[in-house]
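Student: Quick one: the structure is below, and I'll ask about it shortly.
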There are 2 protein chains.
Amino acid sequence: MNKDVAIIGVGQTAFVRSYPGAVREMVFEAFAEAVRDAGITPREIGASLVCSAPEYDKQRSPAGMVAEYLGLNPQPTFVLENICASGTTGVRVAYSLIKAGLHDIVAVIGFQKMSELSSAESQERMGRGADIMWEAPFGTMMPAYYAMHARAHFAKYGTTEEDLALVRVKASRYGALNDRAVFRKEVTKEQCLSAGVVASPLKVYDCCANADGASCLILANAVRAKEISEKPVWILGLGAASASMNLTGRDSLEGLEVTRLAAREAYQMAGLSPRDIDVAEVHDCFTIAELLAYEDLGFAEPGKGTDLLRAGETQIGGRIPVNVDGGLLSKGHPIGATGGSQVRTIVLQLRGEAGPMQVPGAEVGLVQNIGGVGIYSNVIILGR
Amino acid sequence: MNKDVAIIGVGQTAFVRSYPGAVREMVFEAFAEAVRDAGITPREIGASLVCSAPEYDKQRSPAGMVAEYLGLNPQPTFVLENICASGTTGVRVAYSLIKAGLHDIVAVIGFQKMSELSSAESQERMGRGADIMWEAPFGTMMPAYYAMHARAHFAKYGTTEEDLALVRVKASRYGALNDRAVFRKEVTKEQCLSAGVVASPLKVYDCCANADGASCLILANAVRAKEISEKPVWILGLGAASASMNLTGRDSLEGLEVTRLAAREAYQMAGLSPRDIDVAEVHDCFTIAELLAYEDLGFAEPGKGTDLLRAGETQIGGRIPVNVDGGLLSKGHPIGATGGSQVRTIVLQLRGEAGPMQVPGAEVGLVQNIGGVGIYSNVIILGR
């Protein structure tokens, strides 16, 4: 079992529709919580990795701004970007910097303040995260891309709009318990099914929402983790993969091969299988994405994700509870902060500190974080 | 001596004022050269790191585009950004991914196509790479920032505009020999001194120019490097640091503390001192920056960089030849490609393949790459 690098501190702002302060202040909130949680001082941090997608804020190269405001100069800092998967790429790189011996302790800081832009501006930028030569110019946007995935899954496996609604109903139930989530009201299946269409079959409640927020993770090598932390959470496995930016370049749309490849690598590195996972956070930017993840991560056979969902096996008390913090659907999706928020949830679960969202006895957890229209996928397996 | 990770292939487009093709085609040129140089196939590459500053191209998250066009799917890929120091941050991260055991071979791909924008637009973006709350709104831009550094050095050490001209004369002499450089005409001291003022005391020939271009480096672990390459160039030392984004936040302007810190770390890791360096590439975005680098890297005592320069010690045949490929001043500065180009020059030097620019018998080389107004500095020491 790999126990070389651990997560020793986690922090996150509440995700909100519009954060009232500056980016640097928002980032400070998450950082201060993580540093307190780890029980270290900022001076002990050897490097900071800033995970953020550009063009939402005026400040270019925000690593410099973040490191300065957080008192992390003169340690190295840089920006990492994989769109919505930036935060977990930060974990992969922090793990490497530490394991390579360049740093003992690294902070992974993710943020996005999407309210700086109008919804239309934000959509335009998201569109340019897909291929601007072959697909984006024809007007495809994120909901349309995932609608194609949903249609493919419907056609091949008989999945229905009701199944998608079940994903949101579950997300809303846990979101109601999460004081860091944007949406805290429970919604019913009927509300989901009668909501306005965004990109058929996806309706309003099938889509996550833009948000403002920041997250922070503190990673340390084994020696320092054991010195500092009573409850280090170890990085047991890491997997990452990429795919064509164009949906027309994919072999099939019923799942995401990037996730299957990343998961295989992560399970192999951890020496574990899907059966060993006690709790998971998956990238439910749209309801269909959660169903695809069940299958791509091996929690269910291809086409059988709906069985798992309908039987309640992905709720607390079920075989593999998924997104019991409300997921992106309830929490909102501040792009660069999302991966860190997912990891934070699993860390709290494995420490037994998830409060009303706790999965009893969780010892091994998994995070899956997607960038763009399935262009990038990171899978991380964490253990006590 | 660290001989864990080597550079086994290098490639670079000619840097030009306006590249006639698409970004993906430009990147392909550099990549194809590096892969040929390494003698590998793209299938052997385990991950690609894409070093680029955003907001020059419409394509957001260009890692996906680059990986797809170069045939590097499904291996992981992501963007790294440290503005002008992005390329060497790529080397630092590639080193870590390899040494951590996540990948055997990694490609570091840097690019910028600055001609997509007007000069004014480009300057505006550069301005927003400095702090947008406290300095950039007052109209400071890159030449003005470095002009303040020059004035401070002039005041404290008696450096003159003639010294700055000597830097450019040297750069132009070597640029004339470099078929990848934008500027290939030799310039005289008189031309430099009589050129139009950009930000006093910096005149036109004291400033590097925007350019389009791409670079690519292939890194491998020791086992694969020895299998594949007859002339691996080893990463002996790495150092990195960050500083306040605001010049008002610095203790002094006569040098860059970030470089002193990064150099100390790199020398320590390599077990070497400035005396051991046979050839160096430093970040001469402005002529004054090269003089500061002499001192910050320990090639000269503080205030004595001009002695080194005036005595010709930083030319081929001198004690420590610097920027004998023409530097940024002659090559041009396509932001994300610059660090890779610097490293490529040193790799060719250490392999004895630098042609008319060859420093005889060079065995150890150094690269210094700066991001923003001295916000970031990377120092890399390479050896045969």
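Ordering of the structure tokens sets the chain letters (A, B, ...); residue numbers start at 1 within each chain; ligands are numbered from 1 in the order shown.
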Could you give me chain B least-squares fitted onto chain A (all C-alpha atoms, paired in order), as a compact mmCIF listing (two decimals) with C-alpha atoms, in the first residue's frame?
Tutor:
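As written to disk, part-v8.txt reads:
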```txt
# COMPACT_ATOMS: atom_id res chain seq x y z
CA MET B 1 -0.03 0.00 0.00
CA ASN B 2 1.38 3.40 -1.03
CA LYS B 3 1.70 5.55 2.05
CA ASP B 4 4.24 8.07 0.80
CA VAL B 5 2.12 11.20 0.54
CA ALA B 6 -0.86 12.21 2.70
CA ILE B 7 -3.45 14.92 2.83
CA ILE B 8 -3.12 16.53 6.24
CA GLY B 9 -5.41 19.55 5.92
CA VAL B 10 -8.54 20.56 4.00
CA GLY B 11 -10.45 23.81 3.63
CA GLN B 12 -13.26 25.21 1.55
CA THR B 13 -15.37 28.32 1.38
CA ALA B 14 -19.10 27.97 1.11
CA PHE B 15 -19.85 27.81 -2.61
CA VAL B 16 -22.13 30.73 -3.47
CA ARG B 17 -23.67 32.31 -6.55
CA SER B 18 -21.73 35.52 -5.99
CA TYR B 19 -18.91 35.97 -3.50
CA PRO B 20 -18.94 39.52 -2.18
CA GLY B 21 -15.16 39.98 -1.78
CA ALA B 22 -12.09 39.79 -4.00
CA VAL B 23 -10.60 36.54 -5.29
CA ARG B 24 -7.66 36.86 -2.90
CA GLU B 25 -10.02 37.12 0.07
CA MET B 26 -12.04 34.13 -1.09
CA VAL B 27 -8.89 32.06 -1.47
CA PHE B 28 -7.70 33.15 1.96
CA GLU B 29 -10.85 31.72 3.59
CA ALA B 30 -10.20 28.23 2.22
CA PHE B 31 -6.46 28.44 2.88
CA ALA B 32 -6.88 29.59 6.48
CA GLU B 33 -9.23 26.70 7.17
CA ALA B 34 -6.84 24.15 5.64
CA VAL B 35 -3.82 25.47 7.52
CA ARG B 36 -5.75 25.43 10.81
CA ASP B 37 -7.01 21.95 10.01
CA ALA B 38 -3.46 20.73 9.34
CA GLY B 39 -2.12 22.47 12.41
CA ILE B 40 0.80 24.04 10.55
CA THR B 41 1.97 27.58 9.85
CA PRO B 42 2.13 28.96 6.29
CA ARG B 43 5.95 29.12 6.68
CA GLU B 44 6.07 25.31 6.62
CA ILE B 45 4.58 25.16 3.12
CA GLY B 46 7.24 24.52 0.48
CA ALA B 47 5.22 25.30 -2.65
CA SER B 48 1.73 26.34 -3.66
CA LEU B 49 -0.13 25.09 -6.73
CA VAL B 50 -2.95 27.28 -7.95
CA CYS B 51 -5.71 25.50 -9.84
CA SER B 52 -7.92 27.80 -11.86
CA ALA B 53 -9.29 28.26 -15.36
CA PRO B 54 -8.35 31.61 -16.93
CA GLU B 55 -10.55 34.37 -18.37
CA TYR B 56 -12.93 34.65 -15.43
CA ASP B 57 -10.86 37.23 -13.57
CA LYS B 58 -8.82 40.14 -14.88
CA GLN B 59 -5.74 39.01 -12.96
CA ARG B 60 -3.57 36.93 -15.22
CA SER B 61 -1.10 34.46 -13.68
CA PRO B 62 -3.05 34.39 -10.39
CA ALA B 63 -0.46 32.15 -8.70
CA GLY B 64 1.60 35.24 -7.96
CA MET B 65 -1.35 37.07 -6.45
CA VAL B 66 -2.46 34.08 -4.40
CA ALA B 67 1.01 33.24 -3.05
CA GLU B 68 1.63 36.84 -2.07
CA TYR B 69 -1.71 37.37 -0.35
CA LEU B 70 -1.40 34.09 1.57
CA GLY B 71 2.15 34.90 2.72
CA LEU B 72 3.68 32.05 0.70
CA ASN B 73 6.49 34.03 -0.96
CA PRO B 74 9.32 33.24 -1.61
CA GLN B 75 8.31 29.60 -2.13
CA PRO B 76 7.58 28.54 -5.70
CA THR B 77 4.05 28.76 -7.03
CA PHE B 78 2.43 28.16 -10.41
CA VAL B 79 -0.91 27.69 -12.12
CA LEU B 80 -2.26 24.31 -13.21
CA GLU B 81 -5.19 24.05 -15.57
CA ASN B 82 -7.32 21.16 -16.78
CA ILE B 83 -10.55 23.20 -16.82
CA CYS B 84 -12.96 21.50 -14.39
CA ALA B 85 -10.36 18.85 -13.47
CA SER B 86 -7.71 21.40 -12.46
CA GLY B 87 -8.00 20.71 -8.74
CA THR B 88 -7.24 17.01 -8.95
CA THR B 89 -4.43 17.65 -11.41
CA GLY B 90 -3.08 19.81 -8.59
CA VAL B 91 -3.16 16.78 -6.30
CA ARG B 92 -1.32 14.68 -8.90
CA VAL B 93 1.41 17.30 -9.30
CA ALA B 94 1.69 17.99 -5.55
CA TYR B 95 2.08 14.25 -4.97
CA SER B 96 4.88 14.20 -7.55
CA LEU B 97 6.74 17.23 -6.21
CA ILE B 98 6.66 15.67 -2.74
CA LYS B 99 7.54 12.13 -3.78
CA ALA B 100 10.36 13.46 -5.99
CA GLY B 101 11.79 15.06 -2.85
CA LEU B 102 11.55 18.67 -4.01
CA HIS B 103 9.15 19.68 -1.24
CA ASP B 104 7.94 18.26 2.08
CA ILE B 105 4.61 20.12 2.25
CA VAL B 106 2.61 21.52 -0.66
CA ALA B 107 -0.65 23.51 -0.72
CA VAL B 108 -3.11 22.88 -3.57
CA ILE B 109 -5.36 25.91 -3.90
CA GLY B 110 -8.33 25.94 -6.27
CA PHE B 111 -10.66 28.81 -7.02
CA GLN B 112 -13.08 30.37 -9.46
CA LYS B 113 -15.14 33.52 -9.23
CA MET B 114 -17.52 32.99 -12.06
CA SER B 115 -19.88 35.76 -11.01
CA GLU B 116 -17.44 38.28 -12.46
CA LEU B 117 -19.03 37.42 -15.80
CA SER B 118 -22.57 37.29 -17.09
CA SER B 119 -24.04 33.84 -17.65
CA ALA B 120 -23.71 34.33 -21.42
CA GLU B 121 -20.05 35.32 -21.14
CA SER B 122 -19.41 32.35 -18.91
CA GLN B 123 -21.06 29.97 -21.38
CA GLU B 124 -19.01 31.48 -24.20
CA ARG B 125 -15.80 30.73 -22.30
CA MET B 126 -16.95 27.21 -21.51
CA GLY B 127 -17.65 26.71 -25.20
CA ARG B 128 -14.07 27.67 -26.00
CA GLY B 129 -12.92 24.92 -23.64
CA ALA B 130 -14.09 22.53 -26.36
CA ASP B 131 -12.38 22.43 -29.75
CA ILE B 132 -12.63 25.86 -31.39
CA MET B 133 -11.81 24.57 -34.86
CA TRP B 134 -14.17 21.66 -35.39
CA GLU B 135 -17.02 21.76 -32.85
CA ALA B 136 -17.40 24.96 -30.80
CA PRO B 137 -17.98 27.16 -33.88
CA PHE B 138 -21.14 25.16 -34.58
CA GLY B 139 -22.65 26.25 -31.30
CA THR B 140 -22.18 23.16 -29.16
CA MET B 141 -22.08 23.98 -25.45
CA MET B 142 -21.68 21.90 -22.32
CA PRO B 143 -25.35 20.91 -21.83
CA ALA B 144 -25.60 19.93 -25.50
CA TYR B 145 -22.51 17.74 -25.28
CA TYR B 146 -23.80 15.90 -22.23
CA ALA B 147 -27.26 15.65 -23.79
CA MET B 148 -25.63 13.63 -26.58
CA HIS B 149 -24.08 11.36 -23.97
CA ALA B 150 -27.51 10.96 -22.35
CA ARG B 151 -29.21 10.16 -25.66
CA ALA B 152 -26.58 7.53 -26.43
CA HIS B 153 -27.05 5.92 -23.00
CA PHE B 154 -30.85 6.05 -23.36
CA ALA B 155 -30.68 4.42 -26.79
CA LYS B 156 -28.31 1.62 -25.85
CA TYR B 157 -29.45 0.79 -22.32
CA GLY B 158 -33.00 2.08 -21.95
CA THR B 159 -32.09 4.72 -19.39
CA THR B 160 -34.85 7.28 -18.88
CA GLU B 161 -35.43 10.86 -17.84
CA GLU B 162 -36.76 9.46 -14.56
CA ASP B 163 -33.36 7.90 -13.86
CA LEU B 164 -31.72 11.28 -14.36
CA ALA B 165 -34.26 12.79 -11.98
CA LEU B 166 -33.32 10.19 -9.35
CA VAL B 167 -29.72 11.40 -9.48
CA ARG B 168 -30.81 14.95 -8.75
CA VAL B 169 -33.24 13.92 -6.01
CA LYS B 170 -30.39 12.09 -4.26
CA ALA B 171 -28.04 15.02 -4.73
CA SER B 172 -30.56 17.47 -3.33
CA ARG B 173 -31.19 15.31 -0.27
CA TYR B 174 -27.49 15.42 0.67
CA GLY B 175 -27.05 19.00 -0.50
CA ALA B 176 -29.64 19.97 2.10
CA LEU B 177 -27.24 18.67 4.76
CA ASN B 178 -24.17 20.48 3.41
CA ASP B 179 -23.65 23.99 4.70
CA ARG B 180 -21.08 24.66 1.93
CA ALA B 181 -23.56 23.96 -0.90
CA VAL B 182 -25.30 26.56 -3.07
CA PHE B 183 -28.56 24.61 -3.32
CA ARG B 184 -29.90 23.36 -0.02
CA LYS B 185 -33.52 22.66 -0.92
CA GLU B 186 -34.70 19.12 -1.55
CA VAL B 187 -36.31 18.64 -4.93
CA THR B 188 -38.76 15.96 -5.98
CA LYS B 189 -38.72 13.72 -9.01
CA GLU B 190 -41.79 15.56 -10.30
CA GLN B 191 -40.07 18.92 -10.04
CA CYS B 192 -37.12 17.56 -11.97
CA LEU B 193 -39.26 16.07 -14.70
CA SER B 194 -41.41 19.15 -15.17
CA ALA B 195 -38.55 21.65 -15.25
CA GLY B 196 -37.65 23.59 -18.40
CA VAL B 197 -35.57 21.86 -21.03
CA VAL B 198 -31.95 23.02 -21.39
CA ALA B 199 -30.76 20.53 -24.01
CA SER B 200 -33.12 17.60 -24.36
CA PRO B 201 -33.25 15.29 -22.45
CA LEU B 202 -31.41 17.50 -19.90
CA LYS B 203 -33.64 19.87 -17.99
CA VAL B 204 -32.81 22.58 -15.47
CA TYR B 205 -32.34 20.21 -12.53
CA ASP B 206 -30.09 17.95 -14.58
CA CYS B 207 -27.45 20.67 -14.80
CA CYS B 208 -25.08 21.97 -12.14
CA ALA B 209 -24.74 25.72 -11.75
CA ASN B 210 -21.84 28.15 -11.92
CA ALA B 211 -20.65 29.30 -8.52
CA ASP B 212 -17.93 31.22 -6.73
CA GLY B 213 -15.70 29.41 -4.30
CA ALA B 214 -12.28 28.22 -3.24
CA SER B 215 -10.80 25.03 -1.84
CA CYS B 216 -7.46 24.16 -0.33
CA LEU B 217 -5.65 20.90 0.39
CA ILE B 218 -2.38 20.53 2.31
CA LEU B 219 -0.24 17.53 1.30
CA ALA B 220 2.83 16.24 3.11
CA ASN B 221 5.39 13.47 2.83
CA ALA B 222 5.15 10.47 5.16
CA VAL B 223 7.63 11.74 7.74
CA ARG B 224 6.01 15.15 8.12
CA ALA B 225 2.47 13.77 7.85
CA LYS B 226 3.04 11.42 10.77
CA GLU B 227 4.67 14.17 12.82
CA ILE B 228 1.95 16.71 12.16
CA SER B 229 -1.28 14.82 11.76
CA GLU B 230 -3.23 12.42 13.89
CA LYS B 231 -5.41 11.49 10.95
CA PRO B 232 -3.42 11.62 7.73
CA VAL B 233 -5.37 10.46 4.69
CA TRP B 234 -3.04 8.70 2.26
CA ILE B 235 -2.98 8.93 -1.51
CA LEU B 236 -3.16 5.26 -2.39
CA GLY B 237 -3.72 5.52 -6.11
CA LEU B 238 -3.66 8.09 -8.91
CA GLY B 239 -4.83 7.78 -12.49
CA ALA B 240 -5.19 10.29 -15.29
CA ALA B 241 -6.06 10.22 -18.98
CA SER B 242 -7.01 12.46 -21.87
CA ALA B 243 -9.29 12.13 -24.90
CA SER B 244 -10.14 13.91 -28.12
CA MET B 245 -11.66 17.35 -27.57
CA ASN B 246 -14.25 16.42 -30.18
CA LEU B 247 -17.17 14.12 -29.46
CA THR B 248 -16.90 13.07 -33.10
CA GLY B 249 -13.45 11.73 -32.21
CA ARG B 250 -14.75 9.27 -29.61
CA ASP B 251 -15.49 5.61 -30.23
CA SER B 252 -18.74 5.74 -28.25
CA LEU B 253 -20.79 8.11 -26.14
CA GLU B 254 -22.31 5.64 -23.65
CA GLY B 255 -19.43 6.24 -21.29
CA LEU B 256 -16.13 8.05 -20.97
CA GLU B 257 -13.08 6.03 -21.88
CA VAL B 258 -10.88 8.62 -20.10
CA THR B 259 -12.44 7.65 -16.81
CA ARG B 260 -12.11 3.93 -17.48
CA LEU B 261 -8.40 4.39 -18.21
CA ALA B 262 -7.76 6.70 -15.27
CA ALA B 263 -9.64 4.35 -12.93
CA ARG B 264 -7.72 1.30 -14.12
CA GLU B 265 -4.46 3.08 -13.40
CA ALA B 266 -5.58 4.28 -9.97
CA TYR B 267 -6.92 0.87 -8.90
CA GLN B 268 -3.70 -0.77 -10.09
CA MET B 269 -1.48 1.67 -8.22
CA ALA B 270 -3.56 1.21 -5.06
CA GLY B 271 -3.81 -2.56 -5.46
CA LEU B 272 -7.58 -2.23 -5.02
CA SER B 273 -10.74 -2.90 -6.99
CA PRO B 274 -14.09 -1.10 -7.24
CA ARG B 275 -15.42 -3.45 -4.53
CA ASP B 276 -12.97 -1.92 -2.05
CA ILE B 277 -14.34 1.61 -2.35
CA ASP B 278 -16.49 2.67 0.61
CA VAL B 279 -17.47 6.15 -0.58
CA ALA B 280 -17.00 8.09 -3.82
CA GLU B 281 -17.22 11.59 -5.20
CA VAL B 282 -17.87 11.67 -8.93
CA HIS B 283 -18.07 14.57 -11.37
CA ASP B 284 -21.83 15.10 -11.70
CA CYS B 285 -21.75 18.29 -13.77
CA PHE B 286 -24.92 16.84 -15.29
CA THR B 287 -27.06 14.03 -13.89
CA ILE B 288 -26.12 11.72 -16.76
CA ALA B 289 -22.44 12.15 -15.88
CA GLU B 290 -23.00 10.45 -12.52
CA LEU B 291 -24.59 7.44 -14.20
CA LEU B 292 -21.73 7.18 -16.67
CA ALA B 293 -19.28 7.37 -13.75
CA TYR B 294 -20.89 4.41 -11.94
CA GLU B 295 -20.13 2.27 -14.98
CA ASP B 296 -16.79 3.76 -15.97
CA LEU B 297 -15.46 3.38 -12.42
CA GLY B 298 -16.57 -0.24 -12.26
CA PHE B 299 -19.23 0.22 -9.56
CA ALA B 300 -21.67 -1.31 -12.07
CA GLU B 301 -21.36 -3.18 -15.36
CA PRO B 302 -21.97 -1.13 -18.52
CA GLY B 303 -25.68 -0.32 -18.73
CA LYS B 304 -26.30 -1.40 -15.14
CA GLY B 305 -25.66 1.94 -13.43
CA THR B 306 -29.39 2.57 -13.33
CA ASP B 307 -29.93 -0.66 -11.36
CA LEU B 308 -27.51 0.60 -8.72
CA LEU B 309 -29.22 3.98 -8.62
CA ARG B 310 -32.82 2.68 -8.57
CA ALA B 311 -31.96 0.23 -5.77
CA GLY B 312 -30.59 3.06 -3.63
CA GLU B 313 -27.14 1.45 -3.53
CA THR B 314 -25.42 4.81 -4.07
CA GLN B 315 -27.04 6.36 -1.01
CA ILE B 316 -25.73 6.22 2.55
CA GLY B 317 -26.44 2.68 3.72
CA GLY B 318 -26.09 1.33 0.19
CA ARG B 319 -23.22 -0.62 -1.33
CA ILE B 320 -21.30 2.39 -2.61
CA PRO B 321 -22.51 5.82 -1.47
CA VAL B 322 -21.78 8.44 -4.15
CA ASN B 323 -21.78 12.24 -3.84
CA VAL B 324 -23.22 12.26 -0.37
CA ASP B 325 -22.15 15.91 -0.03
CA GLY B 326 -24.65 16.85 -2.75
CA GLY B 327 -22.17 16.71 -5.62
CA LEU B 328 -21.65 19.47 -8.13
CA LEU B 329 -25.42 19.45 -8.67
CA SER B 330 -26.07 20.77 -5.16
CA LYS B 331 -22.77 22.39 -4.26
CA GLY B 332 -22.36 24.37 -7.48
CA HIS B 333 -19.30 24.22 -9.69
CA PRO B 334 -16.64 26.91 -9.24
CA ILE B 335 -14.39 25.29 -11.82
CA GLY B 336 -10.92 25.41 -10.25
CA ALA B 337 -12.25 24.76 -6.73
CA THR B 338 -14.32 21.69 -7.56
CA GLY B 339 -11.66 18.97 -7.50
CA GLY B 340 -10.35 20.18 -4.15
CA SER B 341 -13.87 20.21 -2.75
CA GLN B 342 -14.40 16.62 -3.88
CA VAL B 343 -11.16 15.52 -2.24
CA ARG B 344 -12.05 17.45 0.93
CA THR B 345 -15.33 15.55 1.18
CA ILE B 346 -13.57 12.19 0.96
CA VAL B 347 -10.90 13.24 3.47
CA LEU B 348 -13.62 14.24 5.96
CA GLN B 349 -15.41 10.94 5.32
CA LEU B 350 -12.27 8.90 5.96
CA ARG B 351 -11.58 10.87 9.13
CA GLY B 352 -15.14 10.23 10.29
CA GLU B 353 -15.87 13.96 10.35
CA ALA B 354 -18.59 14.25 7.72
CA GLY B 355 -21.36 14.88 10.24
CA PRO B 356 -24.86 14.12 8.96
CA MET B 357 -23.34 13.03 5.63
CA GLN B 358 -21.03 10.44 7.23
CA VAL B 359 -20.78 7.01 5.64
CA PRO B 360 -20.25 4.72 8.66
CA GLY B 361 -16.85 3.05 8.77
CA ALA B 362 -15.56 4.46 5.49
CA GLU B 363 -11.89 3.49 5.09
CA VAL B 364 -11.24 3.84 1.38
CA GLY B 365 -12.64 6.59 -0.85
CA LEU B 366 -12.45 7.57 -4.50
CA VAL B 367 -12.61 10.87 -6.36
CA GLN B 368 -13.35 11.19 -10.07
CA ASN B 369 -12.99 14.66 -11.61
CA ILE B 370 -13.61 15.44 -15.29
CA GLY B 371 -12.30 18.35 -17.35
CA GLY B 372 -14.23 19.71 -20.31
CA VAL B 373 -16.44 17.37 -22.30
CA GLY B 374 -14.60 14.34 -21.02
CA ILE B 375 -11.29 15.66 -22.36
CA TYR B 376 -9.50 15.00 -19.08
CA SER B 377 -10.22 12.61 -16.22
CA ASN B 378 -8.45 12.21 -12.89
CA VAL B 379 -9.17 9.39 -10.46
CA ILE B 380 -7.72 9.47 -6.96
CA ILE B 381 -8.02 6.72 -4.35
CA LEU B 382 -7.59 7.77 -0.73
CA GLY B 383 -7.26 5.66 2.40
CA ARG B 384 -6.82 6.00 6.14
```
Student: Using DSSP on the backbone coordinates, identify the residues of region 167-247 of chain A assigned to strand (DSSP E or B); present them as a list in words.
Tutor: Val197, Val198, Ala199, Leu202, Lys203, Cys207, Asn210, Asp212, Gly213, Ala214, Ser215, Cys216, Leu217, Ile218, Leu219, Ala220, Asn221, Val233, Trp234, Ile235, Leu236, Gly237, Leu238, Gly239, Ala240, Ala241 and Ser242 of chain A
Student: Write a file of the selected residues as a tab-separated table (two decimals), in the first residue's frame, keeping C-alpha atoms.
Tutor:
```
chain	number	residue	atom	x	y	z
A	197	VAL	CA	-35.57	21.84	-21.01
A	198	VAL	CA	-31.96	23.01	-21.37
A	199	ALA	CA	-30.75	20.52	-24.00
A	202	LEU	CA	-31.41	17.49	-19.88
A	203	LYS	CA	-33.64	19.87	-17.98
A	207	CYS	CA	-27.44	20.67	-14.78
A	210	ASN	CA	-21.84	28.15	-11.92
A	212	ASP	CA	-17.92	31.22	-6.73
A	213	GLY	CA	-15.70	29.40	-4.31
A	214	ALA	CA	-12.27	28.22	-3.25
A	215	SER	CA	-10.80	25.02	-1.85
A	216	CYS	CA	-7.45	24.15	-0.34
A	217	LEU	CA	-5.65	20.90	0.38
A	218	ILE	CA	-2.39	20.52	2.30
A	219	LEU	CA	-0.25	17.53	1.30
A	220	ALA	CA	2.83	16.24	3.11
A	221	ASN	CA	5.37	13.46	2.83
A	233	VAL	CA	-5.37	10.46	4.68
A	234	TRP	CA	-3.06	8.70	2.26
A	235	ILE	CA	-2.98	8.92	-1.51
A	236	LEU	CA	-3.17	5.24	-2.39
A	237	GLY	CA	-3.71	5.53	-6.13
A	238	LEU	CA	-3.65	8.09	-8.91
A	239	GLY	CA	-4.83	7.77	-12.49
A	240	ALA	CA	-5.18	10.30	-15.30
A	241	ALA	CA	-6.05	10.22	-18.98
A	242	SER	CA	-7.01	12.47	-21.89
```
Student: Using DSSP assignments from the backbone, pull out every residue in region 55-113 of chain B that falls under alpha helix (DSSP H) and give it to me as JSON, numbers by chain.
Tutor: {"B": [62, 63, 64, 65, 66, 67, 68, 69, 86, 87, 88, 89, 90, 91, 92, 93, 94, 95, 96, 97, 98, 99]}
Student: Mind dumping the selected residues with N, CA and C atoms as a compact mmCIF listing (two decimals), in the first residue's frame?
Tutor:
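So selection24.txt came out as:
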```
# COMPACT_ATOMS: atom_id res chain seq x y z
N PRO B 62 -5.61 24.62 -23.86
CA PRO B 62 -4.97 24.12 -25.08
C PRO B 62 -4.28 22.76 -24.92
N ALA B 63 -4.13 22.27 -23.70
CA ALA B 63 -3.50 20.96 -23.53
C ALA B 63 -4.27 19.90 -24.31
N GLY B 64 -5.59 19.98 -24.25
CA GLY B 64 -6.41 19.00 -24.96
C GLY B 64 -6.18 19.05 -26.46
N MET B 65 -6.15 20.26 -26.99
CA MET B 65 -5.91 20.44 -28.42
C MET B 65 -4.54 19.93 -28.83
N VAL B 66 -3.54 20.29 -28.04
CA VAL B 66 -2.16 19.91 -28.36
C VAL B 66 -2.00 18.39 -28.30
N ALA B 67 -2.46 17.78 -27.22
CA ALA B 67 -2.30 16.33 -27.06
C ALA B 67 -2.98 15.58 -28.19
N GLU B 68 -4.18 16.06 -28.56
CA GLU B 68 -4.91 15.37 -29.63
C GLU B 68 -4.17 15.50 -30.97
N TYR B 69 -3.75 16.71 -31.29
CA TYR B 69 -3.13 16.93 -32.60
C TYR B 69 -1.80 16.19 -32.70
N SER B 86 6.93 29.78 -17.77
CA SER B 86 6.11 28.56 -17.87
C SER B 86 6.93 27.35 -18.34
N GLY B 87 7.79 27.56 -19.32
CA GLY B 87 8.53 26.44 -19.90
C GLY B 87 9.43 25.73 -18.91
N THR B 88 10.11 26.48 -18.07
CA THR B 88 11.00 25.84 -17.11
C THR B 88 10.22 25.27 -15.92
N THR B 89 9.06 25.83 -15.64
CA THR B 89 8.18 25.20 -14.65
C THR B 89 7.75 23.84 -15.19
N GLY B 90 7.56 23.76 -16.50
CA GLY B 90 7.27 22.47 -17.13
C GLY B 90 8.38 21.46 -16.88
N VAL B 91 9.61 21.90 -16.96
CA VAL B 91 10.74 20.99 -16.70
C VAL B 91 10.72 20.52 -15.25
N ARG B 92 10.45 21.44 -14.34
CA ARG B 92 10.40 21.09 -12.91
C ARG B 92 9.31 20.04 -12.65
N VAL B 93 8.16 20.24 -13.25
CA VAL B 93 7.04 19.31 -13.02
C VAL B 93 7.29 17.98 -13.73
N ALA B 94 7.84 18.03 -14.94
CA ALA B 94 8.14 16.78 -15.66
C ALA B 94 9.16 15.96 -14.87
N TYR B 95 10.18 16.63 -14.36
CA TYR B 95 11.18 15.97 -13.51
C TYR B 95 10.48 15.25 -12.35
N SER B 96 9.54 15.94 -11.72
CA SER B 96 8.85 15.39 -10.54
C SER B 96 7.97 14.20 -10.91
N LEU B 97 7.22 14.33 -11.98
CA LEU B 97 6.35 13.22 -12.41
C LEU B 97 7.18 11.97 -12.69
N ILE B 98 8.35 12.18 -13.30
CA ILE B 98 9.23 11.05 -13.64
C ILE B 98 9.87 10.50 -12.38
N LYS B 99 10.44 11.37 -11.57
CA LYS B 99 11.14 10.89 -10.37
C LYS B 99 10.17 10.24 -9.38
```
